[in-house]
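Following: one structure in structure tokens, then a few remarks.
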Amino acid sequence: CALPILSFDKKAHHRLTGNWHDIVRTYTQGSLTYRSDKLIAMSALVRQYATRNRFRETDYVVGLWRSELPHALLWHIERGLRPTRYRAPSWTWASMDGMVQYPPPSQTSKDTCVEVIDISVKYKTDPFGLVESGNLKLRGFLVKGMLLRSKEHWDRTSCTITGLHSEFTIGSAIFDERLPRIGEGALEEVYCLPVIETVDRMEGLLLRAMEEIGKGVFRRLGAFQISRWDQVSWDRFKENMKGDPTLDNYEHRLDHTNAYWFASDYTYTINIV
């Protein structure tokens with residue numbers, strides 16, 4: 001389901017990003033006196049890392065580096081907790097408390113299913129410090145469905161989603177925060193945003209619509225992975241990804257219904273806050 005992005009250079013990737021993923025994982029294992037200090041406490045490390053790798057100030061976006069996007073969006077957190085006071089937009093690990101894990105980076109741009117159009121962040125003072133708000137504008141495929149809430153969803157678990165065309169199971173979903181059981185047969189509307197597709201799996205984000213903010217605005221719920229070896233779930237997910245003419249929660253939509261070779265009839269421009 002590739003979108004045309006710049007080619008992937010493994011050596012350049014290692015040179016530019018080094019061991020940032022390991023740094024974040026190690027850093028988030030520790031504890032701070034005040035959890036709200038997370039971005040401030042890390043700012044010195046960020047400056048040092050940027051200098052060493054010859055990054056500009058604008059290359060850093062609230063715990064992530066632009067050169068790593070969109071793959072860096074696939075971070076996940078085990079038994080995460082979201083602070084009661086706003087700290088950062090939901091698309092960055094800095095919005096959560098808990099140890100952060102990253103999947104291995106994709107080895108080719110052909111695997112990329114989403115395009116980052118724009119990132120806008122409003123900082124309080126320092127671009128390496130606290131933020132007031134942040135918006136991530138993306139173009140990609142969307143699968144709308146109803147999540148079965150008859151059990152608790154937290155940490156790594158499986159979940160069942162009913163799409164327009166069929167019901168499918170996500171064998172590995174990692175929710176950023178605890179979603180308690182609502183009741184037998186209870187449903188909640190969710191959206192799946194594929195980010196990469198590899199030889200053996202598809203990985204993406206689980207989103208919740210924020211209609212109170214505006215049309216086409218979403219908040220991250222977690223990350224998901226569908227294995228190609230689970231042929232039934234894979235085929236059903238692909239079937240639902242092919243297109244949903246009733247899906248109207250977007251900023252902009254491109255129509256590909258005449259492109260039989262395309263992974264979906266539509267690509268959507270959305271915002272994650």
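Each chain in the structure tokens gets a letter, A, B, ..., in the order shown, and its residues are numbered from 1; ligands are numbered from 1 in order too.
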
Please provide the set of residues having any atom within 12 Å of Pro245 of chain A, restricted to only C-alpha atoms, with same-chain residues fewer than 6 positions apart removed, written as a ChimeraX atom specification.
/A:142-144,164-165,253-257,264-268

Selection above as a file: N, CA and C atoms, as a PDB file, in the first residue's frame:
```pdb
ATOM      1  N   LEU A 142      -7.665   4.911   5.437  1.00  0.00           N
ATOM      2  CA  LEU A 142      -8.381   4.787   6.695  1.00  0.00           C
ATOM      3  C   LEU A 142      -9.349   3.613   6.635  1.00  0.00           C
ATOM      4  N   VAL A 143      -9.443   2.906   7.747  1.00  0.00           N
ATOM      5  CA  VAL A 143     -10.448   1.864   7.897  1.00  0.00           C
ATOM      6  C   VAL A 143     -11.300   2.238   9.111  1.00  0.00           C
ATOM      7  N   LYS A 144     -12.559   2.487   8.861  1.00  0.00           N
ATOM      8  CA  LYS A 144     -13.492   2.836   9.936  1.00  0.00           C
ATOM      9  C   LYS A 144     -14.209   1.575  10.410  1.00  0.00           C
ATOM     10  N   LEU A 164     -17.079  -1.885   7.410  1.00  0.00           N
ATOM     11  CA  LEU A 164     -18.215  -1.777   6.495  1.00  0.00           C
ATOM     12  C   LEU A 164     -18.496  -3.105   5.806  1.00  0.00           C
ATOM     13  N   HIS A 165     -17.444  -3.811   5.400  1.00  0.00           N
ATOM     14  CA  HIS A 165     -17.606  -5.022   4.604  1.00  0.00           C
ATOM     15  C   HIS A 165     -17.578  -6.312   5.425  1.00  0.00           C
ATOM     16  N   ARG A 253     -10.326  14.411   0.687  1.00  0.00           N
ATOM     17  CA  ARG A 253     -10.307  13.033   0.182  1.00  0.00           C
ATOM     18  C   ARG A 253      -9.938  13.021  -1.300  1.00  0.00           C
ATOM     19  N   LEU A 254      -9.035  12.114  -1.654  1.00  0.00           N
ATOM     20  CA  LEU A 254      -8.689  11.886  -3.051  1.00  0.00           C
ATOM     21  C   LEU A 254      -9.360  10.604  -3.513  1.00  0.00           C
ATOM     22  N   ASP A 255      -9.939  10.632  -4.676  1.00  0.00           N
ATOM     23  CA  ASP A 255     -10.693   9.499  -5.218  1.00  0.00           C
ATOM     24  C   ASP A 255      -9.808   8.707  -6.181  1.00  0.00           C
ATOM     25  N   HIS A 256      -9.653   7.399  -5.907  1.00  0.00           N
ATOM     26  CA  HIS A 256      -8.864   6.515  -6.765  1.00  0.00           C
ATOM     27  C   HIS A 256      -9.719   5.372  -7.315  1.00  0.00           C
ATOM     28  N   THR A 257     -11.010   5.566  -7.370  1.00  0.00           N
ATOM     29  CA  THR A 257     -11.905   4.465  -7.732  1.00  0.00           C
ATOM     30  C   THR A 257     -11.635   3.920  -9.132  1.00  0.00           C
ATOM     31  N   SER A 264      -6.491   1.289  -2.166  1.00  0.00           N
ATOM     32  CA  SER A 264      -7.779   1.767  -1.673  1.00  0.00           C
ATOM     33  C   SER A 264      -8.409   2.684  -2.701  1.00  0.00           C
ATOM     34  N   ASP A 265      -9.729   2.785  -2.654  1.00  0.00           N
ATOM     35  CA  ASP A 265     -10.429   3.697  -3.544  1.00  0.00           C
ATOM     36  C   ASP A 265     -10.208   5.148  -3.149  1.00  0.00           C
ATOM     37  N   TYR A 266      -9.771   5.367  -1.881  1.00  0.00           N
ATOM     38  CA  TYR A 266      -9.620   6.728  -1.383  1.00  0.00           C
ATOM     39  C   TYR A 266      -8.371   6.866  -0.519  1.00  0.00           C
ATOM     40  N   THR A 267      -7.779   8.061  -0.542  1.00  0.00           N
ATOM     41  CA  THR A 267      -6.804   8.443   0.470  1.00  0.00           C
ATOM     42  C   THR A 267      -7.339   9.720   1.129  1.00  0.00           C
ATOM     43  N   TYR A 268      -7.078   9.809   2.436  1.00  0.00           N
ATOM     44  CA  TYR A 268      -7.672  10.874   3.234  1.00  0.00           C
ATOM     45  C   TYR A 268      -6.603  11.735   3.874  1.00  0.00           C
TER      46      TYR A 268
END
```

Backbone-only DSSP, strand (DSSP E) members of segment 20-262 of chain A, as an MDAnalysis selection string:
chainID A and resid 60:61 64:65 76:77 100:101 114:123 131:140 143:148 153:163 167:179 187:197 201:209 217:227 252:255

Quick one: residues within 7 Å of Lys215 of chain A, only C-alpha atoms counted, chain neighbours fewer than 4 positions away excluded, as a list of chain:residue names?
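Here the answer would be A:Glu211, A:Asn249, A:Tyr250, A:Glu251.
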
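Atom CA of Ile182 of chain A to atom CA of Arg149 of chain A spans 5.7 Å [interatomic distance, one decimal].
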
Could you check which of A:Leu130, A:Gly98, A:Ala223, A:Val195 is closest to Cys159 of chain A, using only C-alpha atoms?
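Looking only at the distances to Cys159 of chain A, the closest residue turns out to be A:Ala223.
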
Write out as a tab-separated table (two decimals) with C-alpha atoms, in the first residue's frame the residues lying within 9 Å of Ala186 of chain A, counting only C-alpha atoms and excluding same-chain residues fewer than 5 positions away.
```tsv
chain	number	residue	atom	x	y	z
A	147	LEU	CA	-14.47	-1.85	18.32
A	148	LEU	CA	-16.04	-4.50	20.53
A	149	ARG	CA	-15.76	-3.24	24.14
A	150	SER	CA	-16.97	-6.38	25.92
A	181	ARG	CA	-14.91	-3.06	29.65
```

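Among A:Glu167, A:Glu212, A:Glu115, A:Asp244, the residue with the shortest atom-to-atom distance to Leu138 of chain A, counting only C-alpha atoms, is A:Glu115.
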
Rounded to one decimal in Å, what is the spacing between atom CA of Leu64 of chain A and atom CA of Gly214 of chain A?
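Computed distance, atom CA of Leu64 of chain A to atom CA of Gly214 of chain A, equals 25.3 Å.
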
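Each of A:Arg219, A:His252, A:Lys151, A:Arg79 was checked against Val190 of chain A using only C-alpha atoms; the smallest atom-to-atom distance is that of A:Arg219.
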
Using only C-alpha atoms, which residues sit within 8 Å of Ala263 of chain A once same-chain residues fewer than 3 positions away are excluded, as a VMD selection string?
chain A and resid 1 241 to 242

Just to be explicit: take each residue in the selection above, keep C-alpha atoms, and write the result as a short mmCIF file (atom, residue, chain, number, x, y, z; two decimals), in the first residue's frame.
```
data_model
loop_
_atom_site.label_atom_id
_atom_site.label_comp_id
_atom_site.auth_asym_id
_atom_site.auth_seq_id
_atom_site.Cartn_x
_atom_site.Cartn_y
_atom_site.Cartn_z
CA CYS A 1 0.00 0.00 0.00
CA MET A 241 -9.26 -0.83 3.45
CA LYS A 242 -10.27 -0.98 -0.19
#
```

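If you look at atom CA of Ser133 of chain A and atom CA of Thr112 of chain A, they are 26.5 Å away from each other.
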
Using only C-alpha atoms, which protein or nucleic acid residues come within 12 Å of Arg220 of chain A? Drop anything in the same chain fewer than 3 positions from it, and give the result as number ranges by chain.
A: 73-76, 82, 88-93, 95-96, 135-136, 174-177, 190-193, 204-210, 217, 223-224, 271-273
